[in-house]
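Quick look at model_35.cif (mmCIF, C-alpha atoms):
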```cif
data_protein
loop_
_atom_site.label_atom_id
_atom_site.label_comp_id
_atom_site.auth_asym_id
_atom_site.auth_seq_id
_atom_site.Cartn_x
_atom_site.Cartn_y
_atom_site.Cartn_z
CA MET A 1 -10.22 15.04 -17.19
CA ALA A 2 -10.49 12.16 -19.65
CA LEU A 3 -13.86 10.51 -19.87
CA ARG A 4 -13.06 6.95 -18.93
CA GLY A 5 -14.29 4.45 -16.41
CA ASN A 6 -16.19 1.29 -15.63
CA LEU A 7 -19.75 0.48 -16.78
CA ARG A 8 -20.56 -0.69 -13.28
CA ASP A 9 -20.06 2.86 -12.03
CA PHE A 10 -21.30 4.74 -15.07
CA THR A 11 -23.95 3.10 -17.24
CA ILE A 12 -24.43 3.41 -20.99
CA THR A 13 -27.56 5.48 -20.33
CA GLN A 14 -25.59 7.94 -18.23
CA LEU A 15 -22.79 8.08 -20.83
CA LEU A 16 -25.16 8.81 -23.71
CA ASN A 17 -26.93 11.43 -21.63
CA LEU A 18 -23.63 13.14 -20.95
CA ILE A 19 -22.55 13.02 -24.60
CA ASN A 20 -25.93 14.40 -25.63
CA LEU A 21 -25.99 17.25 -23.09
CA ALA A 22 -22.34 18.19 -23.63
CA GLN A 23 -22.82 17.93 -27.41
CA LYS A 24 -19.58 15.99 -27.61
CA THR A 25 -17.69 15.08 -30.77
CA GLY A 26 -15.45 12.02 -30.78
CA THR A 27 -15.61 8.26 -30.36
CA LEU A 28 -16.81 6.28 -27.38
CA VAL A 29 -14.92 3.00 -27.09
CA VAL A 30 -16.63 0.40 -24.91
CA GLU A 31 -14.75 -2.78 -24.06
CA GLY A 32 -17.43 -5.31 -23.16
CA PRO A 33 -16.95 -8.82 -21.79
CA THR A 34 -16.51 -10.40 -25.23
CA GLU A 35 -16.20 -7.62 -27.78
CA THR A 36 -15.42 -3.95 -28.22
CA ALA A 37 -17.76 -1.31 -29.63
CA GLN A 38 -16.82 2.00 -31.17
CA VAL A 39 -19.51 4.63 -31.40
CA ALA A 40 -18.75 7.98 -33.00
CA PHE A 41 -20.64 11.22 -32.24
CA ARG A 42 -20.71 14.63 -33.85
CA ASP A 43 -22.05 17.51 -31.74
CA GLY A 44 -23.80 15.06 -29.43
CA LYS A 45 -25.50 13.16 -32.23
CA LEU A 46 -24.83 9.56 -33.23
CA ALA A 47 -22.67 9.46 -36.37
CA TYR A 48 -21.34 5.92 -36.69
CA ALA A 49 -21.19 2.63 -34.78
CA GLN A 50 -19.33 -0.62 -35.03
CA VAL A 51 -19.13 -3.62 -32.74
CA GLY A 52 -16.50 -6.37 -32.72
CA GLN A 53 -14.92 -7.30 -36.01
CA ALA A 54 -18.24 -7.29 -37.88
CA SER A 55 -18.15 -4.99 -40.88
CA SER A 56 -20.12 -1.75 -40.70
CA GLY A 57 -19.69 -1.22 -44.42
CA LEU A 58 -22.69 -0.33 -46.57
CA ALA A 59 -22.70 -3.64 -48.51
CA SER A 60 -22.60 -5.60 -45.28
CA ILE A 61 -25.42 -3.50 -43.74
CA LEU A 62 -27.65 -3.99 -46.79
CA TYR A 63 -26.90 -7.72 -46.87
CA LYS A 64 -27.79 -8.10 -43.17
CA ALA A 65 -31.02 -6.17 -43.82
CA ASN A 66 -31.86 -8.67 -46.60
CA ILE A 67 -31.74 -5.91 -49.24
CA LEU A 68 -28.87 -7.64 -51.01
CA THR A 69 -28.74 -11.37 -51.68
CA ALA A 70 -25.66 -13.39 -50.75
CA GLY A 71 -24.71 -13.47 -54.45
CA GLN A 72 -25.08 -9.70 -54.87
CA PHE A 73 -23.13 -9.08 -51.67
CA LYS A 74 -20.28 -11.31 -52.87
CA ALA A 75 -20.25 -9.67 -56.30
CA ILE A 76 -20.12 -6.17 -54.76
CA GLN A 77 -17.31 -7.19 -52.46
CA GLN A 78 -15.30 -8.61 -55.35
CA ARG A 79 -15.86 -5.68 -57.68
CA THR A 80 -15.81 -2.77 -55.30
CA ASN A 81 -13.55 -4.00 -52.56
CA HIS A 82 -11.74 -0.73 -52.05
CA ILE A 83 -14.26 1.94 -52.97
CA PRO A 84 -15.67 4.06 -50.16
CA ASP A 85 -19.28 3.55 -49.04
CA LYS A 86 -20.33 6.92 -50.43
CA GLU A 87 -19.29 5.85 -53.95
CA LEU A 88 -20.97 2.48 -53.53
CA GLY A 89 -24.13 4.25 -52.39
CA LEU A 90 -24.05 6.47 -55.50
CA LEU A 91 -23.59 3.41 -57.71
CA LEU A 92 -26.63 1.73 -56.17
CA ILE A 93 -28.74 4.91 -56.43
CA ASN A 94 -27.69 5.51 -60.06
CA ALA A 95 -28.47 1.89 -60.90
CA GLY A 96 -31.99 2.54 -59.60
CA TYR A 97 -31.57 -0.21 -57.05
CA LEU A 98 -32.13 1.96 -53.96
CA THR A 99 -32.93 5.56 -53.09
CA GLN A 100 -30.76 7.77 -50.93
CA GLU A 101 -33.45 7.63 -48.27
CA ASP A 102 -33.42 3.80 -48.28
CA ILE A 103 -29.68 3.77 -47.78
CA LEU A 104 -29.76 6.28 -44.92
CA THR A 105 -32.65 4.47 -43.21
CA HIS A 106 -30.79 1.16 -43.22
CA ILE A 107 -27.55 2.72 -42.00
CA GLN A 108 -29.35 4.59 -39.20
CA GLN A 109 -31.15 1.42 -38.15
CA PHE A 110 -27.90 -0.54 -38.14
CA TYR A 111 -26.09 2.03 -35.96
CA ALA A 112 -29.10 2.41 -33.66
CA ASP A 113 -29.25 -1.39 -33.19
CA ILE A 114 -25.61 -1.41 -32.11
CA VAL A 115 -26.26 1.33 -29.57
CA GLN A 116 -29.33 -0.54 -28.27
CA ARG A 117 -27.16 -3.62 -27.78
CA LEU A 118 -24.82 -1.57 -25.64
CA PHE A 119 -27.61 -0.95 -23.14
CA THR A 120 -27.40 -4.63 -22.18
CA TRP A 121 -23.70 -4.35 -21.35
CA VAL A 122 -23.29 -3.98 -17.61
CA GLU A 123 -19.66 -5.08 -17.36
CA GLY A 124 -16.74 -3.44 -19.12
CA PHE A 125 -14.61 -0.35 -19.48
CA PHE A 126 -15.15 2.74 -21.58
CA HIS A 127 -13.17 5.73 -22.74
CA PHE A 128 -14.07 8.66 -24.92
CA GLU A 129 -11.57 9.76 -27.56
CA ASN A 130 -12.09 13.37 -28.64
CA ASP A 131 -9.66 13.02 -31.54
CA ILE A 132 -11.17 9.97 -33.22
CA LEU A 133 -14.01 10.70 -35.62
CA SER A 134 -16.07 8.31 -37.75
CA PRO A 135 -14.07 6.61 -40.52
CA GLU A 136 -14.00 8.73 -43.68
CA ASP A 137 -14.90 5.86 -46.00
CA ARG A 138 -18.18 5.27 -44.15
CA ILE A 139 -21.46 7.15 -44.53
CA GLY A 140 -22.09 9.17 -41.40
CA VAL A 141 -25.53 9.94 -39.99
CA ARG A 142 -26.86 12.48 -37.48
CA LEU A 143 -29.21 10.69 -35.11
CA ASP A 144 -30.63 12.39 -32.02
CA LEU A 145 -29.75 10.47 -28.88
CA GLU A 146 -32.91 11.22 -26.88
CA ASN A 147 -35.05 8.57 -28.57
CA LEU A 148 -32.24 6.04 -28.38
CA ILE A 149 -31.87 6.68 -24.66
CA ILE A 150 -35.60 6.32 -23.99
CA GLU A 151 -35.86 3.14 -26.07
CA GLY A 152 -32.65 1.81 -24.51
CA SER A 153 -33.93 2.41 -20.98
CA ARG A 154 -37.12 0.56 -21.87
CA GLN A 155 -35.12 -2.35 -23.24
CA MET A 156 -32.89 -2.33 -20.20
CA ARG A 157 -35.87 -2.84 -17.92
CA GLU A 158 -37.07 -5.68 -20.13
CA TRP A 159 -33.52 -7.06 -20.21
CA GLU A 160 -33.30 -7.08 -16.41
CA GLN A 161 -36.59 -8.94 -16.15
CA LEU A 162 -35.55 -11.47 -18.78
CA GLN A 163 -32.21 -11.98 -17.10
CA ASP A 164 -33.98 -12.69 -13.82
CA GLU A 165 -36.12 -15.24 -15.61
CA ILE A 166 -33.28 -16.84 -17.64
CA PRO A 167 -30.10 -16.20 -15.66
CA SER A 168 -27.77 -18.33 -17.81
CA LEU A 169 -27.63 -18.95 -21.56
CA ASP A 170 -25.33 -21.91 -20.93
CA MET A 171 -28.30 -24.06 -19.99
CA ALA A 172 -30.25 -26.13 -22.55
CA LEU A 173 -33.96 -26.48 -23.27
CA LYS A 174 -36.18 -29.51 -23.54
CA PHE A 175 -39.83 -29.94 -24.38
CA THR A 176 -42.06 -30.47 -21.35
CA ASP A 177 -43.76 -33.83 -20.97
CA ARG A 178 -47.24 -32.47 -21.31
CA PRO A 179 -49.60 -35.08 -22.62
CA GLY A 180 -51.88 -33.55 -25.21
CA ALA A 181 -49.69 -30.55 -25.98
CA ASN A 182 -49.17 -30.52 -29.71
CA LEU A 183 -46.85 -27.91 -31.15
CA ARG A 184 -48.67 -28.06 -34.48
CA ASN A 185 -51.75 -26.56 -32.87
CA ILE A 186 -49.85 -23.64 -31.40
CA ASN A 187 -49.37 -20.40 -33.32
CA LEU A 188 -45.70 -19.60 -33.34
CA SER A 189 -43.92 -16.87 -35.26
CA VAL A 190 -41.23 -17.70 -37.81
CA GLU A 191 -38.56 -16.67 -35.29
CA GLU A 192 -40.09 -18.89 -32.61
CA TRP A 193 -40.21 -21.85 -35.00
CA ARG A 194 -36.55 -21.33 -35.82
CA VAL A 195 -35.72 -21.54 -32.12
CA VAL A 196 -38.05 -24.50 -31.57
CA SER A 197 -36.30 -26.42 -34.36
CA TYR A 198 -33.06 -26.33 -32.39
CA ILE A 199 -34.50 -27.27 -28.99
CA SER A 200 -32.69 -30.27 -27.61
CA PRO A 201 -30.88 -31.00 -24.36
CA ARG A 202 -27.73 -31.15 -26.49
CA ASN A 203 -27.93 -27.47 -27.52
CA THR A 204 -27.33 -24.64 -25.08
CA ILE A 205 -29.47 -21.50 -25.41
CA LYS A 206 -26.30 -19.68 -26.44
CA GLN A 207 -25.74 -22.16 -29.29
CA ILE A 208 -29.36 -21.79 -30.42
CA ALA A 209 -28.91 -17.99 -30.45
CA SER A 210 -25.79 -18.35 -32.54
CA ALA A 211 -27.44 -20.76 -35.00
CA THR A 212 -30.48 -18.50 -35.40
CA LYS A 213 -28.37 -15.31 -35.52
CA MET A 214 -30.17 -13.78 -32.53
CA ASN A 215 -28.66 -11.54 -29.91
CA ASP A 216 -29.02 -12.22 -26.17
CA LEU A 217 -32.13 -10.07 -25.84
CA GLU A 218 -33.92 -11.65 -28.83
CA ILE A 219 -33.23 -15.24 -27.75
CA ARG A 220 -34.22 -14.49 -24.16
CA ARG A 221 -37.52 -12.96 -25.36
CA ILE A 222 -38.41 -16.06 -27.33
CA VAL A 223 -37.27 -18.54 -24.70
CA TYR A 224 -39.22 -16.57 -22.08
CA GLY A 225 -42.38 -16.85 -24.20
CA LEU A 226 -41.91 -20.59 -24.69
CA LEU A 227 -41.25 -21.06 -20.96
CA GLN A 228 -44.33 -19.03 -20.01
CA ALA A 229 -46.46 -21.10 -22.39
CA GLY A 230 -45.19 -24.22 -20.63
CA LEU A 231 -43.86 -25.66 -23.88
CA VAL A 232 -40.26 -25.98 -22.79
CA GLU A 233 -38.22 -26.14 -19.63
CA ILE A 234 -34.63 -25.34 -18.81
CA CYS A 235 -32.27 -28.28 -18.29
CA ARG A 236 -28.57 -28.93 -17.93
CA PRO A 237 -27.01 -29.52 -21.37
CA GLU A 238 -26.22 -33.12 -22.25
CA GLY A 239 -22.55 -33.87 -22.71
CA ALA A 240 -21.55 -30.63 -21.04
CA ALA A 241 -18.30 -30.76 -19.17
CA PRO A 242 -19.22 -31.71 -15.62
CA ILE A 243 -19.05 -28.88 -13.12
CA PRO A 244 -15.82 -29.27 -11.18
CA GLN A 245 -17.18 -31.15 -8.22
CA VAL A 246 -16.25 -29.83 -4.86
CA ARG A 247 -16.29 -32.65 -2.34
CA VAL A 248 -19.80 -33.01 -0.97
CA PHE A 249 -19.24 -36.06 1.23
CA PRO A 250 -16.25 -36.52 3.49
CA THR A 251 -15.86 -40.04 2.05
CA GLU A 252 -15.67 -41.44 -1.49
CA ASP A 253 -17.17 -44.80 -0.54
CA LYS A 254 -20.79 -45.02 -1.76
CA GLU A 255 -21.93 -47.27 1.08
CA GLU A 256 -20.39 -44.96 3.67
CA GLN A 257 -22.09 -42.01 2.00
CA LYS A 258 -25.46 -43.75 2.28
CA THR A 259 -24.79 -44.57 5.92
CA LEU A 260 -23.93 -40.94 6.51
CA VAL A 261 -27.22 -39.76 4.99
CA ASN A 262 -29.10 -42.31 7.09
CA ARG A 263 -27.34 -40.99 10.21
CA LEU A 264 -28.44 -37.48 9.25
CA ILE A 265 -32.02 -38.70 8.79
CA SER A 266 -32.05 -40.38 12.21
CA ARG A 267 -30.66 -37.26 13.85
CA ILE A 268 -33.15 -34.89 12.23
CA ARG A 269 -36.02 -37.21 13.22
CA SER A 270 -34.84 -37.12 16.82
CA LEU A 271 -34.65 -33.32 17.04
CA MET B 1 -14.77 -34.73 12.65
CA GLN B 2 -16.74 -35.07 9.40
CA THR B 3 -18.87 -32.19 8.18
CA VAL B 4 -21.56 -31.85 5.52
CA LYS B 5 -23.57 -28.81 4.54
CA MET B 6 -26.95 -27.81 3.19
CA VAL B 7 -27.91 -24.43 1.80
CA VAL B 8 -31.16 -22.58 2.47
CA THR B 9 -31.87 -20.01 -0.21
CA GLY B 10 -34.74 -17.91 -1.49
CA PRO B 11 -35.78 -14.31 -2.04
CA PHE B 12 -35.61 -11.50 0.49
CA SER B 13 -37.81 -12.12 3.56
CA ALA B 14 -38.71 -15.69 2.57
CA GLY B 15 -37.89 -16.94 6.08
CA LYS B 16 -34.44 -18.47 5.62
CA THR B 17 -33.00 -17.19 8.91
CA GLU B 18 -36.06 -18.36 10.86
CA PHE B 19 -35.83 -21.77 9.19
CA ILE B 20 -32.25 -22.31 10.34
CA ARG B 21 -32.96 -20.82 13.78
CA SER B 22 -35.74 -23.39 14.35
CA VAL B 23 -33.41 -26.39 14.22
CA SER B 24 -29.92 -25.10 14.89
CA GLU B 25 -28.41 -26.16 18.21
CA ILE B 26 -26.34 -23.00 18.33
CA ASP B 27 -27.62 -19.46 18.13
CA VAL B 28 -27.63 -18.77 14.44
CA VAL B 29 -24.53 -16.83 13.48
CA SER B 30 -26.34 -14.21 11.52
CA THR B 31 -24.94 -11.26 9.62
CA GLU B 32 -28.04 -9.10 9.81
CA ARG B 33 -28.00 -5.39 9.16
CA LYS B 34 -30.69 -2.74 9.34
CA ILE B 35 -32.38 -2.29 6.01
CA SER B 36 -31.78 0.98 4.25
CA ALA B 37 -34.11 0.70 1.24
CA ALA B 38 -37.54 2.12 2.05
CA SER B 39 -39.39 -0.47 -0.07
CA GLU B 40 -37.71 -3.35 1.74
CA LYS B 41 -38.18 -1.72 5.14
CA THR B 42 -41.93 -2.15 4.79
CA VAL B 43 -41.40 -5.93 4.87
CA LYS B 44 -38.90 -6.23 7.73
CA GLU B 45 -36.42 -4.16 9.70
CA SER B 46 -33.19 -6.10 9.20
CA THR B 47 -31.85 -8.58 6.66
CA THR B 48 -29.01 -11.07 6.13
CA VAL B 49 -26.15 -9.52 4.18
CA ALA B 50 -23.56 -12.31 4.03
CA MET B 51 -24.94 -15.57 5.39
CA ASP B 52 -26.65 -17.32 8.26
CA PHE B 53 -24.94 -20.22 9.83
CA GLY B 54 -26.52 -22.98 11.91
CA ARG B 55 -25.26 -26.33 13.19
CA ILE B 56 -26.75 -29.73 14.00
CA THR B 57 -24.39 -32.23 15.63
CA VAL B 58 -25.30 -35.71 14.41
CA ASP B 59 -22.89 -37.70 16.59
CA ASP B 60 -19.31 -37.58 17.82
CA ASP B 61 -18.04 -37.83 14.29
CA LEU B 62 -20.50 -35.92 12.10
CA VAL B 63 -21.85 -32.36 11.96
CA LEU B 64 -24.39 -30.86 9.59
CA TYR B 65 -24.01 -27.17 8.82
CA LEU B 66 -26.88 -25.11 7.48
CA PHE B 67 -26.02 -22.02 5.48
CA GLY B 68 -28.61 -19.39 4.69
CA THR B 69 -27.94 -17.16 1.70
CA PRO B 70 -28.55 -13.41 1.68
CA GLY B 71 -31.88 -12.74 0.01
CA GLN B 72 -31.22 -9.34 -1.49
CA LYS B 73 -30.00 -9.56 -5.06
CA ARG B 74 -27.11 -7.19 -4.53
CA PHE B 75 -25.47 -9.82 -2.33
CA ASP B 76 -25.79 -12.61 -4.88
CA PHE B 77 -22.01 -12.82 -5.29
CA MET B 78 -22.15 -14.87 -2.04
CA TRP B 79 -24.41 -17.53 -3.54
CA GLU B 80 -21.82 -19.42 -5.56
CA ILE B 81 -19.37 -19.41 -2.67
CA LEU B 82 -22.00 -20.78 -0.29
CA SER B 83 -23.18 -23.43 -2.76
CA GLU B 84 -19.74 -25.06 -3.06
CA GLY B 85 -19.79 -28.61 -1.75
CA MET B 86 -23.43 -28.59 -0.64
CA LEU B 87 -25.25 -31.87 -0.12
CA GLY B 88 -28.48 -30.32 -1.31
CA PHE B 89 -30.42 -27.09 -1.10
CA ILE B 90 -33.79 -25.75 -0.01
CA VAL B 91 -35.51 -22.90 -1.83
CA MET B 92 -37.76 -20.97 0.52
CA VAL B 93 -40.67 -19.06 -0.99
CA ASP B 94 -42.90 -16.64 0.92
CA SER B 95 -46.45 -17.94 0.24
CA THR B 96 -47.92 -14.51 1.01
CA ARG B 97 -45.81 -12.51 -1.46
CA PRO B 98 -46.51 -13.58 -5.04
CA GLU B 99 -44.38 -10.69 -6.27
CA THR B 100 -41.33 -12.73 -5.15
CA PHE B 101 -42.26 -15.94 -7.00
CA ARG B 102 -40.45 -14.92 -10.18
CA GLU B 103 -37.29 -14.17 -8.24
CA ALA B 104 -37.59 -17.48 -6.39
CA ARG B 105 -37.75 -19.25 -9.74
CA SER B 106 -34.66 -17.38 -10.89
CA ILE B 107 -32.75 -18.25 -7.69
CA LEU B 108 -33.73 -21.89 -8.12
CA GLU B 109 -32.37 -21.92 -11.69
CA THR B 110 -29.17 -20.21 -10.59
CA PHE B 111 -28.51 -22.78 -7.86
CA ARG B 112 -29.33 -25.63 -10.23
CA ALA B 113 -26.67 -24.25 -12.54
CA TYR B 114 -24.11 -24.13 -9.71
CA ALA B 115 -24.45 -27.78 -8.77
CA PRO B 116 -26.60 -30.75 -9.85
CA THR B 117 -27.49 -31.63 -6.26
CA PRO B 118 -30.99 -32.54 -5.04
CA TYR B 119 -33.26 -29.77 -3.81
CA VAL B 120 -36.73 -29.15 -2.44
CA VAL B 121 -38.90 -26.05 -2.54
CA ALA B 122 -40.63 -24.92 0.66
CA ALA B 123 -43.80 -22.82 0.57
CA ASN B 124 -43.20 -20.86 3.76
CA LYS B 125 -45.69 -18.89 5.92
CA GLN B 126 -48.49 -21.36 5.20
CA ASP B 127 -50.00 -20.41 8.58
CA MET B 128 -50.72 -16.87 7.35
CA LYS B 129 -54.26 -16.13 6.24
CA ASP B 130 -53.25 -14.67 2.88
CA ALA B 131 -50.90 -17.56 2.01
CA TRP B 132 -51.29 -18.95 -1.48
CA ASP B 133 -52.37 -22.54 -1.91
CA PRO B 134 -49.26 -24.71 -2.54
CA LYS B 135 -50.81 -26.16 -5.71
CA ASP B 136 -51.31 -22.68 -7.16
CA MET B 137 -47.81 -21.70 -6.09
CA SER B 138 -46.31 -24.74 -7.76
CA LEU B 139 -48.00 -23.74 -11.02
CA ALA B 140 -46.99 -20.10 -10.65
CA LEU B 141 -43.40 -21.17 -10.03
CA ARG B 142 -43.60 -23.51 -13.04
CA LEU B 143 -42.16 -26.38 -11.04
CA ASP B 144 -41.82 -29.78 -12.61
CA SER B 145 -44.23 -32.28 -11.05
CA LYS B 146 -41.21 -34.32 -9.93
CA VAL B 147 -39.87 -31.46 -7.78
CA LYS B 148 -40.84 -31.76 -4.11
CA PHE B 149 -42.87 -28.68 -3.23
CA LEU B 150 -43.66 -28.71 0.48
CA PRO B 151 -45.80 -26.52 2.75
CA CYS B 152 -43.72 -24.99 5.52
CA ILE B 153 -43.85 -22.83 8.63
CA ALA B 154 -40.26 -21.81 9.30
CA THR B 155 -40.93 -20.94 12.94
CA ASP B 156 -42.28 -24.43 13.61
CA LYS B 157 -39.54 -26.98 14.37
CA ASP B 158 -41.56 -29.99 13.17
CA SER B 159 -42.32 -28.31 9.89
CA VAL B 160 -38.63 -27.50 9.35
CA LYS B 161 -37.67 -31.05 10.29
CA SER B 162 -40.01 -32.46 7.67
CA ILE B 163 -38.46 -30.24 4.97
CA LEU B 164 -34.94 -31.33 5.91
CA LEU B 165 -36.03 -34.97 5.96
CA GLU B 166 -37.62 -34.69 2.52
CA LEU B 167 -34.39 -33.26 1.16
CA LEU B 168 -32.39 -36.09 2.76
CA TYR B 169 -34.80 -38.68 1.29
CA SER B 170 -34.23 -37.09 -2.13
CA ILE B 171 -30.46 -37.26 -1.63
CA LEU B 172 -30.71 -40.92 -0.65
CA SER B 173 -32.97 -41.74 -3.56
CA ASP B 174 -30.58 -39.94 -5.94
CA MET B 175 -27.69 -42.03 -4.64
CA GLU B 176 -29.66 -45.23 -5.04
CA SER B 177 -30.83 -44.41 -8.57
CA GLY B 178 -27.24 -43.48 -9.48
CA GLU B 179 -26.14 -46.99 -8.56
CA LYS B 180 -28.62 -48.69 -10.87
#
```

Rewrite the coordinates I just gave you, this time as structure tokens.
Amino acid sequence: MALRGNLRDFTITQLLNLINLAQKTGTLVVEGPTETAQVAFRDGKLAYAQVGQASSGLASILYKANILTAGQFKAIQQRTNHIPDKELGLLLINAGYLTQEDILTHIQQFYADIVQRLFTWVEGFFHFENDILSPEDRIGVRLDLENLIIEGSRQMREWEQLQDEIPSLDMALKFTDRPGANLRNINLSVEEWRVVSYISPRNTIKQIASATKMNDLEIRRIVYGLLQAGLVEICRPEGAAPIPQVRVFPTEDKEEQKTLVNRLISRIRSL
Amino acid sequence: MQTVKMVVTGPFSAGKTEFIRSVSEIDVVSTERKISAASEKTVKESTTVAMDFGRITVDDDLVLYLFGTPGQKRFDFMWEILSEGMLGFIVMVDSTRPETFREARSILETFRAYAPTPYVVAANKQDMKDAWDPKDMSLALRLDSKVKFLPCIATDKDSVKSILLELLYSILSDMESGEK
């Protein structure tokens, strides 16, 4: 029977466990709420991963890992647009720019990060394609799944806690009115400062995450820290489209509404 | 007949059903079921799975309905439905169970996201000997100083009345400030 189903019934942890134990070869396709991930396995080991339309090419991976500058990345793309990653890797090694180990480490980290992201997906459909293997023009790896599963489970617990704490990323943040609190005297990390610089009731948490290139887990971690420190509080974003208002009062007339509330007050007092 | 509604929410075993029962003129229409989870069974034997429903007739022409939300997280799909068209909401917090404060905070944020209506937070079970001090609870819940945080005993009618009145005063004050 084909391996397909819903993440609500079968979690990513359970799927990876199954692939690991059955030593499966093929590609797991996961259709999440906003994007689709493709994760290839060979004999139960992680071989390749891609999410959404983002490139999983070597140049792109090295650029995202800050190994290549924007200029170098652009130049490589222009000059070597159609050469496979293996050839590009050889070029970089021969040029003395990187070692084979460096390249493999960055690729492994990139694929592992994609798999870790999948642990936060609780909605969506999946299917496993036995016939689809990792693309030939990409550099494959062989990563054991056990560590990924353990780390993923850890992150999932953290994710659940953070989601309890910050249920919606569509809300905005504002600084608390704490007299005496001075941000300059507080030790924040570079990442936290980047988030702080965007805090305004006009920006939703989701927009801040996008501007600072953070995923849901990273932005939630930082916002959670700032909330716990009492530096910020969650507020409704300014200028957001008003929530479609279901009728609260049986009348539109403001004076009648006030009268109605006063009638309620009198009645409750008399109980 | 005109009707308005208020929602009573909060974590599992916060006292929502008792709160409504104390002031409702009808027997609360409760959808309680025996608890299956062992961890939850240690707190109480049965819980609300869909909603509680109470009624206060104001006069010939006006009725106030009180809806209590299910406290267990797996029934949270009911929350948004129940929050539609509410005049305001009350977040009940069990003063004796600090392990539920974080969830209470999360429920509060979720309801604030559903509708920008006034709300108050009630520190329930203040008559219990191991109840937290409301001031400490307010800090632990990270409530803004402007949010009304009120001591409560859900089994005591007068206490429940005062919570409902505070919410109504907030609604009135919101309407008046909106006119300025």

Using only C-alpha atoms, which residues sit within 9 Å of A:Glu158 once same-chain residues fewer than 4 positions away are excluded, as a short mmCIF file (atom, residue, chain, number, x, y, z; two decimals) with C-alpha atoms, in the frame of the given file?
```cif
data_model
loop_
_atom_site.label_atom_id
_atom_site.label_comp_id
_atom_site.auth_asym_id
_atom_site.auth_seq_id
_atom_site.Cartn_x
_atom_site.Cartn_y
_atom_site.Cartn_z
CA SER A 153 -33.93 2.41 -20.98
CA ARG A 154 -37.12 0.56 -21.87
CA LEU A 162 -35.55 -11.47 -18.78
CA GLN A 163 -32.21 -11.98 -17.10
CA LEU A 217 -32.13 -10.07 -25.84
CA ARG A 221 -37.52 -12.96 -25.36
#
```

Mind dumping a table of every chain A residue within 6 Å of chain B, with the nearest atom pair and its distance in Å to one decimal, using all atoms listed in the file, sorted by chain and rising number, as a tab-separated table?
```
residue	atom	partner	partner_atom	distance
A:Asp164	CA	B:Ser106	CA	5.6
A:Glu165	CA	B:Ser106	CA	5.4
A:Val246	CA	B:Gly85	CA	4.9
A:Arg247	CA	B:Gly85	CA	5.4
A:Val248	CA	B:Gly85	CA	4.5
A:Arg267	CA	B:Val58	CA	5.6
```

Include C-alpha atoms and write out the residues we just selected as a compact mmCIF listing (two decimals), in the coordinates of the input.
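Final output, out_19.txt:
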```txt
# COMPACT_ATOMS: atom_id res chain seq x y z
CA ASP A 164 -33.98 -12.69 -13.82
CA GLU A 165 -36.12 -15.24 -15.61
CA VAL A 246 -16.25 -29.83 -4.86
CA ARG A 247 -16.29 -32.65 -2.34
CA VAL A 248 -19.80 -33.01 -0.97
CA ARG A 267 -30.66 -37.26 13.85
```

### Message
What's the separation between atom CA of A:Ala49 and atom CA of A:Asn6, in Å to one decimal place?
### Response
19.8 Å

### Message
Need to verify the contact set: A:Gln50, 6 Å, all atoms listed in the file, exclusion of same-chain residues closer than 2 positions in sequence. Can you return it as an MDAnalysis selection string?
### Response
chainID A and resid 37:38 56

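Residues surrounding A:Gln207 within 9 Å are Leu169, Asp170, Tyr198, Asn203, Thr204, Ser210, Ala211 and Thr212 of chain A [only C-alpha atoms; sequence separation below 3 positions excluded].
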
### Residues in the PyMOL selection byres ((chain B and resi 68) around 7), expressed as a ChimeraX atom specification
/B:7-9,16-17,51-53,66-67,69-70

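Our summary of the geometry notes that atom CA of B:Lys148 is positioned 6.2 Å from atom CA of B:Val121.
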
### Message
Going by the chain IDs and residue numbers used in this file, which residues fall under the PyMOL selection byres ((chain B and resi 135) around 12)? Write them as a VMD selection string.
### Response
chain B and resid 95 123 131 to 134 136 to 145 148 to 151

Suppose we keep C-alpha atoms; can you now write the selection as a PDB file, in the coordinates of the input?
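Below is the file again-v4.pdb, written as the result:
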```pdb
ATOM      1  CA  SER B  95     -46.450 -17.940   0.240  1.00  0.00           C
ATOM      2  CA  ALA B 123     -43.800 -22.820   0.570  1.00  0.00           C
ATOM      3  CA  ALA B 131     -50.900 -17.560   2.010  1.00  0.00           C
ATOM      4  CA  TRP B 132     -51.290 -18.950  -1.480  1.00  0.00           C
ATOM      5  CA  ASP B 133     -52.370 -22.540  -1.910  1.00  0.00           C
ATOM      6  CA  PRO B 134     -49.260 -24.710  -2.540  1.00  0.00           C
ATOM      7  CA  ASP B 136     -51.310 -22.680  -7.160  1.00  0.00           C
ATOM      8  CA  MET B 137     -47.810 -21.700  -6.090  1.00  0.00           C
ATOM      9  CA  SER B 138     -46.310 -24.740  -7.760  1.00  0.00           C
ATOM     10  CA  LEU B 139     -48.000 -23.740 -11.020  1.00  0.00           C
ATOM     11  CA  ALA B 140     -46.990 -20.100 -10.650  1.00  0.00           C
ATOM     12  CA  LEU B 141     -43.400 -21.170 -10.030  1.00  0.00           C
ATOM     13  CA  ARG B 142     -43.600 -23.510 -13.040  1.00  0.00           C
ATOM     14  CA  LEU B 143     -42.160 -26.380 -11.040  1.00  0.00           C
ATOM     15  CA  ASP B 144     -41.820 -29.780 -12.610  1.00  0.00           C
ATOM     16  CA  SER B 145     -44.230 -32.280 -11.050  1.00  0.00           C
ATOM     17  CA  LYS B 148     -40.840 -31.760  -4.110  1.00  0.00           C
ATOM     18  CA  PHE B 149     -42.870 -28.680  -3.230  1.00  0.00           C
ATOM     19  CA  LEU B 150     -43.660 -28.710   0.480  1.00  0.00           C
ATOM     20  CA  PRO B 151     -45.800 -26.520   2.750  1.00  0.00           C
TER      21      PRO B 151
END
```
